[in-house]
Amino acid sequence: MASLEDIGVSALINIISAFAFLLAFALLRIQPINDRVYFPKWYINGARASPRHRGNNNFVGKFVNLNFSTYFSFLNWMPQALKMKENEIIEHAGLDSAVFLRIYILGLKIFGPITIAALLLLVPVNVSGGTLFFLSKELVVSDIDKLSISNVQPKSLKFFAHISMMYAFTFWICYMLYKEYDTVSSMRLNFMASKRRRAEQFTVLARNVPHGSSHSVSDNVDKFFNKNHPGHYLCHQVVYNANKFGRLVRRRHRLQNWLDYNQLKYERNPEKRPTLKTGFLGLWGKKVDSIEYYTQQIKEFDLRLTMERQKVLKDPKCIMPAAFVSFNSRWGAAVCAQTQQSKNPTLWLTNWAPEPRDVYWKNLAIPFVSLSIRKLVISLLVFALVFFYMIPIAFVQSLANLEGLERVAPFLRPVIELEFIKSFLQGFLPGLALKIFLYILPSVLMVMSKIEGHVAFSVLERRTAAKYYYFMLVNVFLGSIVTGTAIEQLHSFLHQSPTEIPRTIGVSIPMKATFFITYIMIDGWAGIAAEILRLKPLVIYHLKNMFIVKTERDREKAMDPGSVDFPETIPSLQLYFLMGIVYAVVTPILLPFILVFFAFAYFVYRHQIINVYNQQYESAAAFWPHVHSRIIASLLISQLLLLGLLSTKKAANSTPLLVALPILTLTFQKYCKSRFEPAFREYPLEEAIEKDTQDKASEPEINLKAFLADAYLHPIFRSFEEVELTEVKVEKSPDPVPSQPETEPVSPTHSHSPSPSHHSHEHEQEQEHEHEETTTVQHYEVGPPANVYQYGYAYHENIFHYNVNSYQETQHDAQHDYIVESPHSYYHY
């Protein structure tokens, strides 16, 4: 068991590590060569220019900051991160990011008063107990354990102090959670009310569309919604299985990248044409002109893409029994998304459509009937993963309990007798080893969530976060306690009567606070400092810049900062809440370490959200109910744990007082769920019709059908940016007679993506007003590939523009001063 000296060694190592990371960050972030790594958000927003292009011709100044006065501003990023107000963060980074930061503030609000009360009231009570003085010969104890509830003698009246503080802490936590839930739900409703017109507000995803013997999926959707939602149904877009086409697009993108690189190389040195060898990895084979080679490769590949695209369009097997259905009002969409559509509850399932950036296109092609099987299989796999991870967790805990291990295996004693090595193994290595074990886990769980078949990135991340939380609860928290207790107290278990074992367990569980203290310092101190350093993205960016980046588009991809890793950070946050709430009464000395984590992490993630991360979707804080529920679960675990501890302390007279707490906590959770959670699950019809009324007043002539028509097109239908477009003017009559066609190419900036015709339902009153007007009907003729292509594949909204026969290199980084030109002027060098 780690002693105060071991905790001191661990604290020193982690403080030095955190300081080193912050010092490295302070030096690296002001270097012009690293600017795209530490401030990519502003490049994406177009508010920051490259500092490498300055007015002077100093070659060194393009890579190294020669303004030495900036080197003395070591921690100026902290006050700069606080300048942006919450409403500005919402506008700048979205509501998800703002609510994510509020979780850290909530941690400070909860644990600040609790820490003060626990240290002033409970620690003196625990120290005065003296029980561990008599048990020190039987159990492995330390000075930290003497500050815990384990040090209170059995049947003592002092346990009423712990019970009273548990009541006080429960009421305080519930009060803060209620206020926060109320605030976040109001922020969500206000955010949705203030948002401009967006496609997901008018669209639902209809799944499990029944197959008709003589009608296509599109015809069935059109017929069903015309019949059941007359006057509100507008149009729909069926879902295609275009996953193979997406893989071909990515291969085509790599070819285009090489063509761009060689054209740029030739432009810089027109006297020498670039060449390559056609053999394996360009090491041998026939020597050819690179530009001509890649141009020909792309042309051949475009023909293959065209055939694959036509195959998807014509093959009925590629049309999935699902569709994005759009309505002419938010009210109509809300009614459809939140009601049962069919007498058979397994057919015509409707839910709110994710925003277009949030759609995970690959999973839309999964048949609905296989989703239940997939979820069952993944549930079994997650259970197996959690179970088998107990083996490495047990090994980690054996490292944290060397004294107990020495008693079982005396031959290891010479290896761990040196004082510094012993302190290092007990105070630093266990937390580091556990962190390494957990490093690859989120990626594995994300793959499992994708196999389950969720159709939105936000849902995928929430499901991954749930799996990760359960894993950390069972393995990191409960597993650490159980396995650590078994190994540490093995000697005592073998040499005492069975009647004494419950007392030993009751005493030893609070002792695991020393392990969690080391984990907090490793993960919450040094780990958070490493987060702001961004060492891995920094190295990867420069490696890509040296070996992979060939064009400006490559540089932008290499700079891609990603977004806040919600599947990992939110469960980790919930683990800190769990540790703090459980040990607030049991071992209060852990609380100051928790407070340092919440404060430091708040500054770091505020800086990262403002300057680095670029959220790929906006769920309007849909993850908050899960955070609230798991904090409530932490409260229940702490109450049950204290109840068990008091039972081992033979405090039978006081334990009945704790029985009411779980009941009150569950009642509070039920009330919050019924009071606030509907705002996160449904869209109030009152809000929907009010927003519709405002839109009609502000934009009465808006063509909503044109706005929604292409919003949920699969990227396959964005394949051709320039095609031969024939415009045919026809009269509104039963037998339209076409006039003389006019053919003209469509400019890339104003073209509509060719797609299957969108089935739509026009309101009868609109037809009456337009029966004498002419309209423009667009007919798309898709022949051989044109010169310009626009390929987008199923990763959010990444659209890449390619020019096969001509190349233009746009120089983005002209002569700019080394100034951050942000809307709020937060950084000025």
# chains A, B, ... in the order shown; residues from 1 in each chain; ligands from 1
call {"tool": "residues_around", "arguments": {"residues": "Thr115 of chain A", "least_positions_apart": "2", "cutoff": "8 Å", "atoms": "only C-alpha atoms", "output": "PyMOL selection string"}}
result
chain A and resi 111-113+117-119+584+588+591-592
call {"tool": "residues_around", "arguments": {"residues": "Ile89 of chain A", "least_positions_apart": "5", "cutoff": "8 Å", "atoms": "only C-alpha atoms", "output": "list in words"}}
result
Met84, Gly94, Leu95, Ser97, Ala98 and Ile610 of chain A
call {"tool": "residues_around", "arguments": {"residues": "Thr665 of chain A", "least_positions_apart": "3", "cutoff": "12 Å", "atoms": "only C-alpha atoms", "output": "JSON, numbers by chain"}}
result
{"A": [166, 167, 169, 170, 171, 172, 173, 174, 175, 177, 178, 629, 631, 632, 633, 634, 635, 636, 637, 638, 639, 640, 658, 659, 660, 661, 662, 668, 669, 670, 671, 672]}
call {"tool": "write_last_selection", "arguments": {"atoms": "C-alpha atoms", "output": "short mmCIF file (atom, residue, chain, number, x, y, z; two decimals), in the first residue's frame"}}
result
data_model
loop_
_atom_site.label_atom_id
_atom_site.label_comp_id
_atom_site.auth_asym_id
_atom_site.auth_seq_id
_atom_site.Cartn_x
_atom_site.Cartn_y
_atom_site.Cartn_z
CA MET A 166 -23.73 11.77 3.32
CA TYR A 167 -27.18 13.33 3.61
CA PHE A 169 -23.57 15.84 0.23
CA THR A 170 -26.52 14.06 -1.45
CA PHE A 171 -28.81 17.07 -1.12
CA TRP A 172 -26.08 19.43 -2.34
CA ILE A 173 -25.28 17.27 -5.38
CA CYS A 174 -28.96 16.86 -6.27
CA TYR A 175 -29.51 20.60 -5.93
CA LEU A 177 -27.70 18.72 -10.73
CA TYR A 178 -31.23 20.10 -10.79
CA SER A 629 -27.89 9.83 -14.97
CA ILE A 631 -23.69 11.13 -11.68
CA ILE A 632 -26.88 9.93 -10.00
CA ALA A 633 -25.57 6.36 -10.35
CA SER A 634 -22.38 7.48 -8.61
CA LEU A 635 -24.49 8.79 -5.74
CA LEU A 636 -26.28 5.46 -5.42
CA ILE A 637 -22.98 3.55 -5.46
CA SER A 638 -21.55 5.78 -2.72
CA GLN A 639 -24.65 5.31 -0.55
CA LEU A 640 -24.63 1.53 -0.94
CA LEU A 658 -29.06 5.37 5.19
CA VAL A 659 -31.80 3.23 3.64
CA ALA A 660 -33.89 6.30 2.84
CA LEU A 661 -31.10 7.95 0.81
CA PRO A 662 -31.20 5.61 -2.25
CA PHE A 668 -35.14 12.73 -7.64
CA GLN A 669 -33.81 11.02 -10.77
CA LYS A 670 -37.32 10.04 -11.84
CA TYR A 671 -38.56 13.58 -11.38
CA CYS A 672 -35.67 15.08 -13.40
#
call {"tool": "select_by_dssp", "arguments": {"residues": "segment 135-372 of chain A", "states": "helix (DSSP H, G or I)", "output": "count of residues only"}}
result
136
call {"tool": "residues_around", "arguments": {"residues": "segment 536-544 of chain A", "least_positions_apart": "5", "cutoff": "7 Å", "atoms": "only C-alpha atoms", "output": "ChimeraX atom specification"}}
result
/A:37,549,558-559
call {"tool": "write_last_selection", "arguments": {"atoms": "N, CA and C atoms", "output": "mmCIF file, in the first residue's frame"}}
result
data_model
loop_
_atom_site.group_PDB
_atom_site.id
_atom_site.type_symbol
_atom_site.label_atom_id
_atom_site.label_comp_id
_atom_site.auth_asym_id
_atom_site.auth_seq_id
_atom_site.Cartn_x
_atom_site.Cartn_y
_atom_site.Cartn_z
ATOM 1 N N VAL A 37 -0.779 23.597 -36.091
ATOM 2 C CA VAL A 37 -1.065 22.523 -35.150
ATOM 3 C C VAL A 37 -1.773 23.053 -33.914
ATOM 4 N N VAL A 549 2.557 15.491 -47.756
ATOM 5 C CA VAL A 549 1.932 16.715 -48.261
ATOM 6 C C VAL A 549 2.541 17.099 -49.596
ATOM 7 N N ALA A 558 -3.683 17.413 -43.404
ATOM 8 C CA ALA A 558 -2.709 17.113 -42.358
ATOM 9 C C ALA A 558 -2.947 17.960 -41.122
ATOM 10 N N MET A 559 -3.528 19.140 -41.307
ATOM 11 C CA MET A 559 -3.808 20.054 -40.201
ATOM 12 C C MET A 559 -5.099 19.707 -39.486
#
call {"tool": "closest_residue", "arguments": {"among": "A:Asn344, A:Asn351, A:Asn611, A:Thr203", "to": "Ser326 of chain A", "atoms": "only C-alpha atoms"}}
result
A:Thr203
call {"tool": "residues_around", "arguments": {"residues": "Lys362 of chain A", "least_positions_apart": "2", "cutoff": "9 Å", "atoms": "only C-alpha atoms", "output": "PyMOL selection string"}}
result
chain A and resi 241-243+359-360+364-366+453+455+794
call {"tool": "write_last_selection", "arguments": {"atoms": "all heavy atoms", "output": "tab-separated table (two decimals), in the first residue's frame"}}
result
chain	number	residue	atom	x	y	z
A	241	ASN	N	-27.37	1.96	-51.08
A	241	ASN	CA	-26.17	1.30	-50.59
A	241	ASN	C	-25.02	1.64	-51.55
A	241	ASN	O	-24.85	0.98	-52.58
A	241	ASN	CB	-26.37	-0.21	-50.51
A	241	ASN	CG	-25.17	-0.93	-49.93
A	241	ASN	OD1	-24.16	-0.31	-49.61
A	241	ASN	ND2	-25.27	-2.24	-49.77
A	242	ALA	N	-24.28	2.66	-51.21
A	242	ALA	CA	-23.19	3.13	-52.07
A	242	ALA	C	-21.84	3.01	-51.38
A	242	ALA	O	-20.92	3.78	-51.65
A	242	ALA	CB	-23.44	4.59	-52.47
A	243	ASN	N	-21.71	2.03	-50.51
A	243	ASN	CA	-20.45	1.88	-49.77
A	243	ASN	C	-19.28	1.51	-50.69
A	243	ASN	O	-18.17	2.00	-50.51
A	243	ASN	CB	-20.61	0.82	-48.68
A	243	ASN	CG	-21.57	1.26	-47.60
A	243	ASN	OD1	-21.83	2.45	-47.43
A	243	ASN	ND2	-22.11	0.30	-46.85
A	359	VAL	N	-24.70	12.35	-40.42
A	359	VAL	CA	-25.15	11.06	-40.94
A	359	VAL	C	-23.95	10.14	-41.17
A	359	VAL	O	-22.95	10.53	-41.79
A	359	VAL	CB	-25.92	11.24	-42.26
A	359	VAL	CG1	-26.31	9.88	-42.84
A	359	VAL	CG2	-27.15	12.09	-42.05
A	360	TYR	N	-24.03	8.94	-40.65
A	360	TYR	CA	-23.04	7.90	-40.93
A	360	TYR	C	-23.59	7.03	-42.04
A	360	TYR	O	-24.33	6.08	-41.82
A	360	TYR	CB	-22.75	7.09	-39.67
A	360	TYR	CG	-21.62	6.11	-39.82
A	360	TYR	CD1	-20.33	6.55	-40.08
A	360	TYR	CD2	-21.85	4.75	-39.72
A	360	TYR	CE1	-19.28	5.66	-40.23
A	360	TYR	CE2	-20.82	3.85	-39.87
A	360	TYR	CZ	-19.53	4.30	-40.12
A	360	TYR	OH	-18.50	3.41	-40.27
A	364	LEU	N	-26.51	3.22	-43.04
A	364	LEU	CA	-27.85	3.33	-43.61
A	364	LEU	C	-28.15	2.15	-44.52
A	364	LEU	O	-29.32	1.85	-44.81
A	364	LEU	CB	-27.99	4.64	-44.39
A	364	LEU	CG	-28.14	5.91	-43.56
A	364	LEU	CD1	-28.07	7.13	-44.45
A	364	LEU	CD2	-29.44	5.90	-42.78
A	365	ALA	N	-27.11	1.48	-44.97
A	365	ALA	CA	-27.31	0.35	-45.88
A	365	ALA	C	-27.55	-0.96	-45.13
A	365	ALA	O	-27.76	-1.99	-45.76
A	365	ALA	CB	-26.09	0.20	-46.79
A	366	ILE	N	-27.54	-0.94	-43.80
A	366	ILE	CA	-27.75	-2.16	-43.03
A	366	ILE	C	-29.25	-2.46	-42.97
A	366	ILE	O	-30.03	-1.60	-42.57
A	366	ILE	CB	-27.19	-2.01	-41.60
A	366	ILE	CG1	-25.68	-1.77	-41.66
A	366	ILE	CG2	-27.49	-3.24	-40.76
A	366	ILE	CD1	-25.06	-1.50	-40.31
A	453	GLY	N	-24.91	-0.61	-35.85
A	453	GLY	CA	-25.76	-0.10	-36.92
A	453	GLY	C	-26.34	1.28	-36.69
A	453	GLY	O	-27.30	1.65	-37.37
A	455	VAL	N	-26.91	5.22	-37.07
A	455	VAL	CA	-26.82	5.95	-38.34
A	455	VAL	C	-26.35	7.39	-38.16
A	455	VAL	O	-26.38	8.15	-39.12
A	455	VAL	CB	-28.19	5.96	-39.06
A	455	VAL	CG1	-28.61	4.55	-39.41
A	455	VAL	CG2	-29.25	6.65	-38.21
A	794	ALA	N	-18.36	9.23	-47.67
A	794	ALA	CA	-19.15	9.21	-46.44
A	794	ALA	C	-18.36	9.57	-45.20
A	794	ALA	O	-18.22	8.80	-44.29
A	794	ALA	CB	-19.79	7.84	-46.27
